[in-house]
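Report on the following structure.
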Amino acid sequence: MADCTLILMKVLLADDRQGHRDSLRRLIRRDPEVQVSGIAEDAENTPGSVIARELRRTLDGCPVCDGGYRDHSFVILATVAIEPQWQSALHGKQYYDFLDERRWQELLRLREWNDAADTLIGFAFRCAGGRVGIVTMLSPARPGLPDTTLHYVILPEEEGNSLQALIPPEKWHPLRSTSAAPP
């Protein structure tokens, strides 16, 4: 019988200590089934599209390959409006349930938006090496307030492939503009 053990790790990767990422990168390169999740701290701002710039700022270097973002891409998976009604809390919990249970089709159907409400946004990012990660952010409705990273996960290879299969290629956007200078 095959060993179906899934290795789960929760970590905090500080933006100014990339040396701590090396062992995690070696682990996910060595074992395509390992899952690493945690919270990414704020990082530096770089030019580009607003969403791609915010994701680059949050990730501060690809957590998989430690490279820049050439040939990396992202897609918005889900949005949940956080409003005062009790349903908002349920929808937030539903987002995390779908994410934890890998219910990708249901996650992709979460599309709530209200300009006057804070929004929980789930992004998938795809490394040039093929691995997929998910970043969850809280985007405040009030102008001038920064987005806050709540959670991220680097999916096991098979799960990443399952998610990618559900998203049309044209929905993926470059994480770095093709006209940008190399990192």
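Letters for chains follow the order of the structure tokens (A, B, ...), residue numbers begin at 1 for each chain, and ligand numbers begin at 1 in the order shown.
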
- May I have the residues within 10 Å of His173 of chain A as JSON, numbers by chain, using only C-alpha atoms and disregarding those fewer than 5 positions away in the same chain? {"A": [51, 52, 71, 72, 73, 74, 75, 76, 125, 126]}

Can you pull out the residues contacting Leu155 of chain A? Cut-off 7 Å, using only C-alpha atoms, and skip same-chain residues under 3 positions away; I want them as a PDB file with all heavy atoms, in the first residue's frame.
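New file selection38.pdb:
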ATOM      1  N   GLN A  35       3.377  20.460   1.339  1.00  0.00           N
ATOM      2  CA  GLN A  35       2.615  21.707   1.359  1.00  0.00           C
ATOM      3  C   GLN A  35       3.208  22.599   2.436  1.00  0.00           C
ATOM      4  O   GLN A  35       3.431  22.172   3.558  1.00  0.00           O
ATOM      5  CB  GLN A  35       1.154  21.427   1.686  1.00  0.00           C
ATOM      6  CG  GLN A  35       0.343  22.684   1.915  1.00  0.00           C
ATOM      7  CD  GLN A  35      -1.097  22.381   2.225  1.00  0.00           C
ATOM      8  OE1 GLN A  35      -1.734  21.632   1.508  1.00  0.00           O
ATOM      9  NE2 GLN A  35      -1.597  22.961   3.298  1.00  0.00           N
ATOM     10  N   VAL A 132       2.125  26.008  -7.777  1.00  0.00           N
ATOM     11  CA  VAL A 132       1.075  27.002  -7.579  1.00  0.00           C
ATOM     12  C   VAL A 132       0.937  27.309  -6.098  1.00  0.00           C
ATOM     13  O   VAL A 132       0.996  26.414  -5.259  1.00  0.00           O
ATOM     14  CB  VAL A 132      -0.276  26.486  -8.140  1.00  0.00           C
ATOM     15  CG1 VAL A 132      -1.416  27.436  -7.820  1.00  0.00           C
ATOM     16  CG2 VAL A 132      -0.179  26.260  -9.635  1.00  0.00           C
ATOM     17  N   GLY A 133       0.749  28.586  -5.802  1.00  0.00           N
ATOM     18  CA  GLY A 133       0.487  29.022  -4.440  1.00  0.00           C
ATOM     19  C   GLY A 133      -0.778  29.853  -4.414  1.00  0.00           C
ATOM     20  O   GLY A 133      -1.265  30.314  -5.445  1.00  0.00           O
ATOM     21  N   GLU A 159      -2.232  19.044  -6.440  1.00  0.00           N
ATOM     22  CA  GLU A 159      -3.331  19.975  -6.157  1.00  0.00           C
ATOM     23  C   GLU A 159      -3.220  21.226  -7.034  1.00  0.00           C
ATOM     24  O   GLU A 159      -4.214  21.755  -7.522  1.00  0.00           O
ATOM     25  CB  GLU A 159      -3.365  20.362  -4.684  1.00  0.00           C
ATOM     26  CG  GLU A 159      -3.842  19.270  -3.766  1.00  0.00           C
ATOM     27  CD  GLU A 159      -5.282  18.854  -4.046  1.00  0.00           C
ATOM     28  OE1 GLU A 159      -6.098  19.683  -4.506  1.00  0.00           O
ATOM     29  OE2 GLU A 159      -5.595  17.680  -3.808  1.00  0.00           O
ATOM     30  N   GLY A 160      -1.991  21.717  -7.194  1.00  0.00           N
ATOM     31  CA  GLY A 160      -1.778  22.878  -8.064  1.00  0.00           C
ATOM     32  C   GLY A 160      -2.196  22.586  -9.489  1.00  0.00           C
ATOM     33  O   GLY A 160      -2.820  23.417 -10.156  1.00  0.00           O
TER      34      GLY A 160
END

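If only C-alpha atoms are the atoms counted, then among A:Gln105, A:Ala89, A:Leu120, A:Trp172 the closest residue to Leu150 of chain A is A:Leu120.
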
- Query: Can you list, as a PyMOL selection string, every residue of segment 103-181 of chain A that DSSP puts in helix (DSSP H, G or I)?
  - Reply: chain A and resi 104-108+157-166+169-171

- Item | Spatial neighbours of Asp118 of chain A, max dist 6 Å, only C-alpha atoms, sep filter under 3 positions, as a list in words |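 Once the adjacent positions are removed, what remains is Ile82, Ser139, Pro140 and Ala141 of chain A.
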
- Message: I'd like the neighbourhood of Tyr96 of chain A as a ChimeraX atom specification, where a residue qualifies if any of its atoms comes within 10 Å (using only C-alpha atoms), though same-chain residues fewer than 3 positions away should be ignored.
- Response: /A:91-93,99-102,107,122,136,151

- To one decimal in Å, tell me the separation between atom CA of Tyr69 of chain A and atom CA of Lys171 of chain A.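 The value is 17.3 Å.
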
- Between atom CA of Arg70 of chain A and atom CA of Leu110 of chain A, what is the spacing in Å? 28.9 Å

- Item | Atom-to-atom span, atom CA of Pro32 of chain A and atom CA of Pro168 of chain A, Å |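 Distance reported for this atom pair: 23.2 Å.
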